[in-house]
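**Q** One file is attached below, upload.txt, containing compact mmCIF, N, CA and C atoms.
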# COMPACT_ATOMS: atom_id res chain seq x y z
N MET A 25 18.69 -76.07 21.44
CA MET A 25 17.62 -76.99 21.76
C MET A 25 17.02 -77.48 20.46
N ASP A 26 16.86 -78.80 20.35
CA ASP A 26 16.26 -79.40 19.17
C ASP A 26 14.77 -79.55 19.38
N CYS A 27 13.99 -78.78 18.64
CA CYS A 27 12.53 -78.85 18.76
C CYS A 27 11.93 -78.97 17.38
N GLU A 28 10.84 -79.72 17.31
CA GLU A 28 10.09 -79.84 16.07
C GLU A 28 8.71 -79.24 16.30
N ARG A 29 8.23 -78.48 15.34
CA ARG A 29 6.88 -77.91 15.46
C ARG A 29 5.91 -78.76 14.67
N THR A 30 4.97 -79.33 15.36
CA THR A 30 3.82 -80.00 14.75
C THR A 30 2.62 -79.36 15.42
N ASN A 31 1.61 -80.13 15.74
CA ASN A 31 0.52 -79.57 16.52
C ASN A 31 0.99 -79.26 17.93
N LEU A 32 1.98 -80.00 18.40
CA LEU A 32 2.57 -79.77 19.71
C LEU A 32 4.06 -79.53 19.52
N MET A 33 4.65 -78.81 20.43
CA MET A 33 6.09 -78.62 20.36
C MET A 33 6.76 -79.79 21.07
N VAL A 34 7.63 -80.52 20.36
CA VAL A 34 8.34 -81.66 20.92
C VAL A 34 9.81 -81.30 20.98
N CYS A 35 10.38 -81.31 22.18
CA CYS A 35 11.78 -80.94 22.35
C CYS A 35 12.58 -82.15 22.82
N THR A 36 13.76 -82.31 22.27
CA THR A 36 14.63 -83.41 22.68
C THR A 36 15.80 -82.92 23.50
N GLY A 37 15.83 -81.63 23.81
CA GLY A 37 16.94 -81.13 24.59
C GLY A 37 16.67 -79.81 25.25
N LEU A 38 17.53 -79.50 26.20
CA LEU A 38 17.48 -78.24 26.92
C LEU A 38 18.91 -77.79 27.09
N GLU A 39 19.18 -76.54 26.76
CA GLU A 39 20.52 -76.00 26.97
C GLU A 39 20.37 -74.59 27.49
N VAL A 40 20.92 -74.35 28.69
CA VAL A 40 20.82 -73.03 29.29
C VAL A 40 22.17 -72.59 29.84
N ARG A 41 22.36 -71.28 29.85
CA ARG A 41 23.51 -70.65 30.50
C ARG A 41 22.92 -69.80 31.62
N VAL A 42 23.41 -70.01 32.82
CA VAL A 42 22.87 -69.30 33.97
C VAL A 42 23.99 -68.80 34.86
N GLN A 43 23.67 -67.79 35.64
CA GLN A 43 24.61 -67.26 36.62
C GLN A 43 24.78 -68.28 37.75
N ALA A 44 26.01 -68.47 38.19
CA ALA A 44 26.28 -69.39 39.30
C ALA A 44 25.88 -68.70 40.60
N ALA A 45 24.64 -68.94 41.02
CA ALA A 45 24.10 -68.30 42.22
C ALA A 45 23.43 -69.36 43.10
N ARG A 46 23.16 -68.99 44.36
CA ARG A 46 22.54 -69.94 45.29
C ARG A 46 21.19 -70.43 44.81
N THR A 47 20.49 -69.64 44.02
CA THR A 47 19.16 -70.01 43.54
C THR A 47 19.19 -70.87 42.29
N THR A 48 20.34 -71.01 41.68
CA THR A 48 20.45 -71.73 40.41
C THR A 48 20.07 -73.21 40.51
N PRO A 49 20.47 -73.96 41.55
CA PRO A 49 20.05 -75.36 41.61
C PRO A 49 18.53 -75.53 41.57
N GLY A 50 17.79 -74.67 42.27
CA GLY A 50 16.33 -74.75 42.26
C GLY A 50 15.76 -74.47 40.88
N LEU A 51 16.31 -73.47 40.21
CA LEU A 51 15.86 -73.14 38.86
C LEU A 51 16.08 -74.33 37.92
N VAL A 52 17.26 -74.92 37.98
CA VAL A 52 17.58 -76.04 37.09
C VAL A 52 16.70 -77.25 37.41
N ARG A 53 16.47 -77.53 38.70
CA ARG A 53 15.57 -78.63 39.07
C ARG A 53 14.19 -78.44 38.44
N THR A 54 13.68 -77.21 38.49
CA THR A 54 12.37 -76.92 37.92
C THR A 54 12.36 -77.14 36.41
N LEU A 55 13.39 -76.67 35.73
CA LEU A 55 13.48 -76.86 34.27
C LEU A 55 13.57 -78.34 33.90
N VAL A 56 14.40 -79.08 34.64
CA VAL A 56 14.58 -80.51 34.37
C VAL A 56 13.28 -81.27 34.63
N GLU A 57 12.64 -80.96 35.74
CA GLU A 57 11.38 -81.64 36.07
C GLU A 57 10.32 -81.38 35.01
N SER A 58 10.22 -80.13 34.57
CA SER A 58 9.25 -79.78 33.54
C SER A 58 9.53 -80.53 32.24
N ARG A 59 10.80 -80.62 31.88
CA ARG A 59 11.15 -81.32 30.64
C ARG A 59 10.87 -82.81 30.76
N LEU A 60 11.18 -83.41 31.90
CA LEU A 60 10.89 -84.84 32.11
C LEU A 60 9.40 -85.13 31.95
N VAL A 61 8.57 -84.29 32.53
CA VAL A 61 7.11 -84.47 32.43
C VAL A 61 6.67 -84.35 30.97
N SER A 62 7.21 -83.35 30.26
CA SER A 62 6.81 -83.17 28.86
C SER A 62 7.26 -84.33 27.98
N TRP A 63 8.33 -85.02 28.38
CA TRP A 63 8.82 -86.17 27.63
C TRP A 63 8.12 -87.47 28.04
N GLY A 64 7.25 -87.41 29.03
CA GLY A 64 6.61 -88.62 29.53
C GLY A 64 7.54 -89.47 30.37
N LEU A 65 8.53 -88.85 30.98
CA LEU A 65 9.51 -89.57 31.79
C LEU A 65 9.46 -89.14 33.26
N ALA A 66 8.26 -88.85 33.74
CA ALA A 66 8.09 -88.43 35.13
C ALA A 66 8.60 -89.48 36.11
N VAL A 67 8.65 -90.73 35.67
CA VAL A 67 9.15 -91.80 36.53
C VAL A 67 10.60 -91.55 36.96
N LEU A 68 11.35 -90.76 36.19
CA LEU A 68 12.74 -90.44 36.50
C LEU A 68 12.90 -89.17 37.34
N ARG A 69 11.80 -88.49 37.62
CA ARG A 69 11.83 -87.17 38.24
C ARG A 69 12.67 -87.11 39.52
N ASP A 70 12.43 -87.98 40.47
CA ASP A 70 13.14 -87.89 41.75
C ASP A 70 14.64 -88.05 41.58
N ASP A 71 15.05 -89.09 40.86
CA ASP A 71 16.48 -89.34 40.68
C ASP A 71 17.16 -88.23 39.89
N VAL A 72 16.56 -87.83 38.79
CA VAL A 72 17.21 -86.85 37.91
C VAL A 72 17.23 -85.46 38.53
N THR A 73 16.19 -85.08 39.24
CA THR A 73 16.22 -83.75 39.87
C THR A 73 17.24 -83.73 41.01
N LEU A 74 17.42 -84.83 41.71
CA LEU A 74 18.46 -84.89 42.75
C LEU A 74 19.84 -84.81 42.11
N ILE A 75 20.05 -85.53 41.02
CA ILE A 75 21.32 -85.46 40.30
C ILE A 75 21.58 -84.03 39.82
N ALA A 76 20.55 -83.40 39.25
CA ALA A 76 20.70 -82.02 38.76
C ALA A 76 21.09 -81.10 39.91
N SER A 77 20.45 -81.27 41.03
CA SER A 77 20.76 -80.44 42.20
C SER A 77 22.21 -80.61 42.64
N GLU A 78 22.68 -81.84 42.70
CA GLU A 78 24.05 -82.10 43.12
C GLU A 78 25.07 -81.53 42.13
N LEU A 79 24.87 -81.77 40.84
CA LEU A 79 25.83 -81.30 39.84
C LEU A 79 25.85 -79.78 39.75
N VAL A 80 24.68 -79.16 39.79
CA VAL A 80 24.62 -77.70 39.70
C VAL A 80 25.18 -77.06 40.97
N THR A 81 24.88 -77.62 42.12
CA THR A 81 25.43 -77.08 43.37
C THR A 81 26.95 -77.12 43.36
N ASN A 82 27.52 -78.23 42.89
CA ASN A 82 28.98 -78.32 42.78
C ASN A 82 29.52 -77.25 41.83
N ALA A 83 28.87 -77.05 40.70
CA ALA A 83 29.32 -76.05 39.73
C ALA A 83 29.25 -74.65 40.33
N VAL A 84 28.17 -74.36 41.05
CA VAL A 84 28.03 -73.04 41.68
C VAL A 84 29.14 -72.83 42.70
N ARG A 85 29.46 -73.85 43.46
CA ARG A 85 30.54 -73.72 44.46
C ARG A 85 31.88 -73.47 43.78
N GLN A 86 32.10 -74.09 42.65
CA GLN A 86 33.39 -73.95 41.96
C GLN A 86 33.53 -72.61 41.26
N THR A 87 32.44 -72.02 40.80
CA THR A 87 32.52 -70.81 39.98
C THR A 87 31.56 -69.73 40.47
N SER A 88 31.50 -69.54 41.74
CA SER A 88 30.55 -68.59 42.33
C SER A 88 30.58 -67.25 41.59
N GLY A 89 29.39 -66.80 41.19
CA GLY A 89 29.28 -65.51 40.52
C GLY A 89 29.54 -65.55 39.04
N ARG A 90 29.92 -66.69 38.52
CA ARG A 90 30.19 -66.80 37.08
C ARG A 90 29.10 -67.63 36.40
N GLU A 91 29.25 -67.78 35.13
CA GLU A 91 28.29 -68.54 34.34
C GLU A 91 28.55 -70.04 34.44
N ILE A 92 27.46 -70.80 34.49
CA ILE A 92 27.54 -72.24 34.31
C ILE A 92 26.58 -72.60 33.18
N ARG A 93 26.77 -73.78 32.62
CA ARG A 93 25.93 -74.24 31.51
C ARG A 93 25.32 -75.58 31.89
N VAL A 94 24.10 -75.79 31.44
CA VAL A 94 23.40 -77.04 31.69
C VAL A 94 22.87 -77.56 30.36
N ARG A 95 23.17 -78.81 30.08
CA ARG A 95 22.62 -79.50 28.91
C ARG A 95 21.84 -80.71 29.40
N PHE A 96 20.63 -80.83 28.91
CA PHE A 96 19.77 -81.94 29.30
C PHE A 96 19.18 -82.51 28.03
N THR A 97 19.46 -83.78 27.76
CA THR A 97 19.10 -84.39 26.49
C THR A 97 18.33 -85.69 26.71
N ARG A 98 17.29 -85.85 25.92
CA ARG A 98 16.56 -87.11 25.93
C ARG A 98 17.30 -88.09 25.03
N GLU A 99 17.43 -89.31 25.50
CA GLU A 99 18.07 -90.37 24.72
C GLU A 99 17.06 -91.50 24.51
N ALA A 100 17.43 -92.47 23.72
CA ALA A 100 16.52 -93.57 23.39
C ALA A 100 16.00 -94.28 24.64
N ARG A 101 16.85 -94.48 25.63
CA ARG A 101 16.44 -95.22 26.82
C ARG A 101 16.60 -94.42 28.11
N GLY A 102 16.57 -93.11 28.01
CA GLY A 102 16.72 -92.31 29.22
C GLY A 102 17.11 -90.89 28.91
N VAL A 103 17.93 -90.31 29.80
CA VAL A 103 18.33 -88.91 29.67
C VAL A 103 19.81 -88.76 30.01
N LEU A 104 20.39 -87.67 29.51
CA LEU A 104 21.77 -87.31 29.82
C LEU A 104 21.75 -85.87 30.32
N LEU A 105 22.30 -85.67 31.51
CA LEU A 105 22.41 -84.34 32.10
C LEU A 105 23.88 -84.00 32.24
N ALA A 106 24.28 -82.82 31.77
CA ALA A 106 25.67 -82.38 31.87
C ALA A 106 25.69 -80.93 32.36
N VAL A 107 26.64 -80.64 33.25
CA VAL A 107 26.79 -79.29 33.81
C VAL A 107 28.24 -78.86 33.62
N TRP A 108 28.40 -77.66 33.04
CA TRP A 108 29.74 -77.12 32.78
C TRP A 108 30.02 -75.97 33.74
N ASP A 109 31.27 -75.93 34.22
CA ASP A 109 31.74 -74.76 34.96
C ASP A 109 33.16 -74.46 34.50
N SER A 110 33.61 -73.25 34.79
CA SER A 110 34.89 -72.78 34.27
C SER A 110 36.10 -73.20 35.11
N SER A 111 35.87 -73.88 36.22
CA SER A 111 36.97 -74.29 37.08
C SER A 111 37.71 -75.50 36.51
N ASN A 112 39.01 -75.52 36.67
CA ASN A 112 39.80 -76.68 36.27
C ASN A 112 39.93 -77.71 37.38
N VAL A 113 39.37 -77.39 38.55
CA VAL A 113 39.43 -78.32 39.68
C VAL A 113 38.48 -79.48 39.40
N LEU A 114 39.05 -80.68 39.35
CA LEU A 114 38.22 -81.86 39.10
C LEU A 114 37.56 -82.31 40.39
N PRO A 115 36.34 -82.83 40.30
CA PRO A 115 35.65 -83.27 41.51
C PRO A 115 36.42 -84.37 42.22
N LYS A 116 36.39 -84.33 43.55
CA LYS A 116 36.99 -85.39 44.35
C LYS A 116 35.89 -86.38 44.68
N ARG A 117 36.09 -87.58 44.26
CA ARG A 117 35.06 -88.59 44.43
C ARG A 117 35.34 -89.44 45.66
N LYS A 118 34.38 -89.48 46.57
CA LYS A 118 34.45 -90.38 47.71
C LYS A 118 33.71 -91.66 47.33
N ARG A 119 34.09 -92.74 47.97
CA ARG A 119 33.39 -94.00 47.72
C ARG A 119 31.99 -93.92 48.34
N ALA A 120 31.00 -94.46 47.63
CA ALA A 120 29.63 -94.41 48.12
C ALA A 120 29.50 -95.10 49.46
N ALA A 121 30.21 -96.20 49.68
CA ALA A 121 30.13 -96.92 50.94
C ALA A 121 30.61 -96.05 52.10
N ASP A 122 31.64 -95.23 51.87
CA ASP A 122 32.15 -94.35 52.91
C ASP A 122 31.17 -93.23 53.23
N VAL A 123 30.47 -92.75 52.22
CA VAL A 123 29.54 -91.65 52.40
C VAL A 123 28.27 -92.11 53.09
N MET A 124 27.80 -93.29 52.77
CA MET A 124 26.53 -93.78 53.29
C MET A 124 26.64 -94.44 54.66
N ALA A 125 27.84 -94.79 55.07
CA ALA A 125 28.03 -95.44 56.37
C ALA A 125 27.83 -94.44 57.50
N PRO A 126 27.24 -94.86 58.62
CA PRO A 126 27.09 -93.97 59.76
C PRO A 126 28.46 -93.47 60.23
N ASP A 127 28.54 -92.20 60.57
CA ASP A 127 29.81 -91.61 61.00
C ASP A 127 29.54 -90.64 62.13
N ALA A 128 29.66 -91.11 63.36
CA ALA A 128 29.42 -90.27 64.53
C ALA A 128 30.37 -89.09 64.57
N ALA A 129 31.59 -89.25 64.05
CA ALA A 129 32.58 -88.17 64.07
C ALA A 129 32.12 -86.98 63.23
N ALA A 130 31.25 -87.22 62.26
CA ALA A 130 30.76 -86.13 61.40
C ALA A 130 30.00 -85.08 62.20
N LEU A 131 29.47 -85.45 63.36
CA LEU A 131 28.71 -84.52 64.18
C LEU A 131 29.59 -83.66 65.09
N GLU A 132 30.85 -83.99 65.16
CA GLU A 132 31.76 -83.24 66.03
C GLU A 132 32.14 -81.90 65.40
N ARG A 133 32.28 -80.90 66.24
CA ARG A 133 32.52 -79.53 65.79
C ARG A 133 33.76 -79.40 64.89
N GLU A 134 34.82 -80.11 65.18
CA GLU A 134 36.05 -79.97 64.38
C GLU A 134 35.90 -80.55 62.97
N ASN A 135 34.83 -81.28 62.72
CA ASN A 135 34.61 -81.86 61.40
C ASN A 135 33.60 -81.08 60.58
N GLU A 136 33.23 -79.87 61.01
CA GLU A 136 32.23 -79.09 60.29
C GLU A 136 32.65 -78.74 58.87
N ASP A 137 33.94 -78.58 58.63
CA ASP A 137 34.42 -78.23 57.29
C ASP A 137 34.37 -79.40 56.33
N ASP A 138 34.13 -80.59 56.81
CA ASP A 138 34.10 -81.78 55.97
C ASP A 138 32.66 -82.13 55.57
N SER A 139 31.88 -81.10 55.22
CA SER A 139 30.48 -81.34 54.90
C SER A 139 30.26 -81.66 53.43
N GLY A 140 31.26 -81.52 52.59
CA GLY A 140 31.10 -81.77 51.17
C GLY A 140 31.55 -83.16 50.76
N GLY A 141 31.46 -83.41 49.47
CA GLY A 141 31.97 -84.66 48.93
C GLY A 141 30.98 -85.80 48.89
N ARG A 142 29.75 -85.54 49.26
CA ARG A 142 28.76 -86.61 49.27
C ARG A 142 27.90 -86.62 48.01
N GLY A 143 27.92 -85.55 47.25
CA GLY A 143 27.06 -85.43 46.08
C GLY A 143 27.40 -86.40 44.96
N LEU A 144 28.67 -86.51 44.62
CA LEU A 144 29.04 -87.39 43.50
C LEU A 144 28.78 -88.86 43.78
N PRO A 145 29.00 -89.36 45.00
CA PRO A 145 28.59 -90.75 45.25
C PRO A 145 27.08 -90.95 45.09
N ILE A 146 26.30 -89.94 45.46
CA ILE A 146 24.85 -90.03 45.25
C ILE A 146 24.56 -90.08 43.76
N VAL A 147 25.21 -89.21 42.99
CA VAL A 147 25.04 -89.21 41.53
C VAL A 147 25.44 -90.57 40.96
N ASP A 148 26.54 -91.11 41.45
CA ASP A 148 27.02 -92.41 40.98
C ASP A 148 26.00 -93.51 41.26
N LEU A 149 25.39 -93.48 42.42
CA LEU A 149 24.39 -94.50 42.78
C LEU A 149 23.10 -94.39 41.97
N LEU A 150 22.69 -93.16 41.65
CA LEU A 150 21.42 -92.95 40.96
C LEU A 150 21.52 -93.03 39.44
N SER A 151 22.71 -92.89 38.90
CA SER A 151 22.87 -92.85 37.44
C SER A 151 23.34 -94.20 36.90
N SER A 152 23.12 -94.39 35.61
CA SER A 152 23.62 -95.58 34.93
C SER A 152 25.12 -95.46 34.71
N GLU A 153 25.56 -94.23 34.44
CA GLU A 153 26.98 -93.92 34.32
C GLU A 153 27.15 -92.42 34.49
N CYS A 154 28.35 -92.03 34.90
CA CYS A 154 28.64 -90.61 35.07
C CYS A 154 30.13 -90.39 34.88
N GLY A 155 30.51 -89.13 34.67
CA GLY A 155 31.91 -88.85 34.45
C GLY A 155 32.19 -87.36 34.36
N VAL A 156 33.43 -87.06 34.04
CA VAL A 156 33.91 -85.68 33.92
C VAL A 156 34.74 -85.58 32.65
N ASN A 157 34.52 -84.54 31.86
CA ASN A 157 35.32 -84.28 30.67
C ASN A 157 35.87 -82.86 30.76
N ALA A 158 37.19 -82.72 30.78
CA ALA A 158 37.82 -81.40 30.80
C ALA A 158 37.58 -80.72 29.46
N THR A 159 37.50 -79.38 29.49
CA THR A 159 37.31 -78.61 28.26
C THR A 159 38.48 -77.67 28.06
N ASP A 160 38.72 -77.28 26.83
CA ASP A 160 39.83 -76.41 26.47
C ASP A 160 39.29 -75.01 26.20
N PRO A 161 39.82 -73.98 26.71
CA PRO A 161 41.07 -73.87 27.45
C PRO A 161 40.89 -74.11 28.95
N THR A 162 39.67 -73.95 29.48
CA THR A 162 39.45 -74.18 30.90
C THR A 162 38.09 -74.82 31.11
N GLY A 163 37.89 -75.33 32.31
CA GLY A 163 36.58 -75.84 32.67
C GLY A 163 36.41 -77.33 32.47
N LYS A 164 35.18 -77.76 32.74
CA LYS A 164 34.86 -79.18 32.63
C LYS A 164 33.35 -79.37 32.54
N TRP A 165 32.96 -80.47 31.94
CA TRP A 165 31.57 -80.94 31.95
C TRP A 165 31.52 -82.11 32.91
N VAL A 166 30.62 -82.06 33.87
CA VAL A 166 30.34 -83.18 34.75
C VAL A 166 28.98 -83.70 34.33
N TRP A 167 28.87 -84.99 34.05
CA TRP A 167 27.65 -85.50 33.44
C TRP A 167 27.19 -86.81 34.11
N ALA A 168 25.89 -87.08 33.89
CA ALA A 168 25.29 -88.30 34.39
C ALA A 168 24.22 -88.76 33.40
N ARG A 169 24.20 -90.04 33.16
CA ARG A 169 23.20 -90.65 32.28
C ARG A 169 22.27 -91.51 33.16
N VAL A 170 20.97 -91.35 32.96
CA VAL A 170 19.98 -92.12 33.71
C VAL A 170 19.10 -92.84 32.70
N ARG A 171 18.99 -94.13 32.87
CA ARG A 171 18.17 -94.94 31.95
C ARG A 171 16.83 -95.28 32.61
N VAL A 172 15.84 -95.47 31.76
CA VAL A 172 14.50 -95.84 32.22
C VAL A 172 14.51 -97.30 32.65
Go ahead and express the file in the form of structure tokens.
**A**
Amino acid sequence: MDCERTNLMVCTGLEVRVQAARTTPGLVRTLVESRLVSWGLAVLRDDVTLIASELVTNAVRQTSGREIRVRFTREARGVLLAVWDSSNVLPKRKRAADVMAPDAAALERENEDDSGGRGLPIVDLLSSECGVNATDPTGKWVWARVRV
């Protein structure tokens, strides 16, 4: 974390390693929200905390019980949030139009297993840009940039 000590502590980043647990998305949302407020970027709170929740939830699902990493950085015109997990499975991206369209079949019992896949289209809609970068030897960073 890059911080400067003056009369106030000013931080331009957040980097944490946390256990991939069901409670982790809530913890990360709290950390991200706190950092946004301290940066004077509370206007981004709703979008960025939702993005954080989606990315962290996906990472927890991919690496249950293992470590995930979160990097949150202030940029000149916004923020960059990245979440790392150790899985080599790349996210499957559905089109936002398919996810947001009404789907009566989704309520049918045989479609209960198809409850995932909506997070990344939401991230895509709320962010200025987003993507995935594989890491060596394993894992990936899934990231989203949000501009003011």
**Q** What lies within 6 Å of region 50-66 of chain A using all atoms listed in the file, ignoring chain neighbours under 6 positions off, as a VMD selection string?
**A** chain A and resid 73 76 to 77
**Q** Between A:Val67, A:Leu114, A:Val156, A:Val94, single out the one closest to Arg41 (chain A), counting all atoms listed in the file.
**A** A:Val94
**Q** Report, in Å to a single decimal, how far apart CA of Gly37 (chain A) and CA of Arg98 (chain A) are.
**A**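 Spanning CA of Arg98 (chain A) to CA of Gly37 (chain A) is a straight-line distance of 6.1 Å.
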**Q** Using only N, CA and C atoms, which of A:Val84, A:Val170, A:Ala44, A:Ile146 sits nearest Leu105 (chain A)?
**A**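 Nearest candidate to Leu105 (chain A) out of A:Val84, A:Val170, A:Ala44, A:Ile146: A:Val170.
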**Q** Can you tell me how far CA of Val172 (chain A) sits from CA of Gly102 (chain A), in Å to one decimal?
**A** 5.1 Å
**Q** Rank nothing, just name the residue among A:Arg169, A:Leu68, A:Ser110, A:Gly155 nearest to Arg93 (chain A), using all atoms listed in the file.
**A**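 Residue with the minimum atom-to-atom distance to Arg93 (chain A): A:Ser110.
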**Q** Determine, counting only C-alpha atoms, which protein, DNA and RNA residues have an atom within 12 Å of an atom of Arg90 (chain A); residues of the same chain fewer than 4 positions away are not included. Present the result as a ChimeraX atom specification.
**A** /A:41-46,48,83-86,108-111,163
**Q** Which residues in region 44-116 of chain A does DSSP call strand (DSSP E or B)? List them as an mmCIF file with N, CA and C atoms, in the coordinates of the input.
**A**
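Saved as out16.cif:
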data_model
loop_
_atom_site.group_PDB
_atom_site.id
_atom_site.type_symbol
_atom_site.label_atom_id
_atom_site.label_comp_id
_atom_site.auth_asym_id
_atom_site.auth_seq_id
_atom_site.Cartn_x
_atom_site.Cartn_y
_atom_site.Cartn_z
ATOM 1 N N GLU A 91 29.250 -67.780 35.130
ATOM 2 C CA GLU A 91 28.290 -68.540 34.340
ATOM 3 C C GLU A 91 28.550 -70.040 34.440
ATOM 4 N N ILE A 92 27.460 -70.800 34.490
ATOM 5 C CA ILE A 92 27.540 -72.240 34.310
ATOM 6 C C ILE A 92 26.580 -72.600 33.180
ATOM 7 N N ARG A 93 26.770 -73.780 32.620
ATOM 8 C CA ARG A 93 25.930 -74.240 31.510
ATOM 9 C C ARG A 93 25.320 -75.580 31.890
ATOM 10 N N VAL A 94 24.100 -75.790 31.440
ATOM 11 C CA VAL A 94 23.400 -77.040 31.690
ATOM 12 C C VAL A 94 22.870 -77.560 30.360
ATOM 13 N N ARG A 95 23.170 -78.810 30.080
ATOM 14 C CA ARG A 95 22.620 -79.500 28.910
ATOM 15 C C ARG A 95 21.840 -80.710 29.400
ATOM 16 N N PHE A 96 20.630 -80.830 28.910
ATOM 17 C CA PHE A 96 19.770 -81.940 29.300
ATOM 18 C C PHE A 96 19.180 -82.510 28.030
ATOM 19 N N THR A 97 19.460 -83.780 27.760
ATOM 20 C CA THR A 97 19.100 -84.390 26.490
ATOM 21 C C THR A 97 18.330 -85.690 26.710
ATOM 22 N N ARG A 98 17.290 -85.850 25.920
ATOM 23 C CA ARG A 98 16.560 -87.110 25.930
ATOM 24 C C ARG A 98 17.300 -88.090 25.030
ATOM 25 N N GLU A 99 17.430 -89.310 25.500
ATOM 26 C CA GLU A 99 18.070 -90.370 24.720
ATOM 27 C C GLU A 99 17.060 -91.500 24.510
ATOM 28 N N GLY A 102 16.570 -93.110 28.010
ATOM 29 C CA GLY A 102 16.720 -92.310 29.220
ATOM 30 C C GLY A 102 17.110 -90.890 28.910
ATOM 31 N N VAL A 103 17.930 -90.310 29.800
ATOM 32 C CA VAL A 103 18.330 -88.910 29.670
ATOM 33 C C VAL A 103 19.810 -88.760 30.010
ATOM 34 N N LEU A 104 20.390 -87.670 29.510
ATOM 35 C CA LEU A 104 21.770 -87.310 29.820
ATOM 36 C C LEU A 104 21.750 -85.870 30.320
ATOM 37 N N LEU A 105 22.300 -85.670 31.510
ATOM 38 C CA LEU A 105 22.410 -84.340 32.100
ATOM 39 C C LEU A 105 23.880 -84.000 32.240
ATOM 40 N N ALA A 106 24.280 -82.820 31.770
ATOM 41 C CA ALA A 106 25.670 -82.380 31.870
ATOM 42 C C ALA A 106 25.690 -80.930 32.360
ATOM 43 N N VAL A 107 26.640 -80.640 33.250
ATOM 44 C CA VAL A 107 26.790 -79.290 33.810
ATOM 45 C C VAL A 107 28.240 -78.860 33.620
ATOM 46 N N TRP A 108 28.400 -77.660 33.040
ATOM 47 C CA TRP A 108 29.740 -77.120 32.780
ATOM 48 C C TRP A 108 30.020 -75.970 33.740
ATOM 49 N N ASP A 109 31.270 -75.930 34.220
ATOM 50 C CA ASP A 109 31.740 -74.760 34.960
ATOM 51 C C ASP A 109 33.160 -74.460 34.500
#
**Q** Choose the residue, out of A:Thr97, A:Thr36, A:Asn112, A:Ser88, that has the smallest atom-to-atom separation from Ala168 (chain A); count only C-alpha atoms.
**A**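 The answer is A:Thr97, which sits nearest to Ala168 (chain A).
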**Q** Using all atoms of region 90-103 of chain A that appear in the file, construct an axis-aligned enclosing box with 4 Å of padding on every side and provide its centre coordinates and edge lengths in Å, rounded to one decimal, as JSON.
**A**
{"center_x": 23.1, "center_y": -81.0, "center_z": 31.0, "size_x": 22.2, "size_y": 36.5, "size_z": 23.1}
**Q** Point out the residue among A:Val107, A:Arg69, A:Val147, A:Lys116 with the least atom-to-atom distance to Val166 (chain A), counting all atoms listed in the file.
**A**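 Closest to Val166 (chain A), using all atoms listed in the file: A:Val107.
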**Q** Do you have the CA of Val40 (chain A)-CA of Arg117 (chain A) distance handy?
**A**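 The value is 26.0 Å.
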**Q** In terms of the shortest atom-to-atom distance over only C-alpha atoms, which of A:Ala106, A:Leu38, A:Ala100, A:Leu149 is closest to Leu79 (chain A)?
**A**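 Among the listed residues, A:Ala106 lies closest to Leu79 (chain A).
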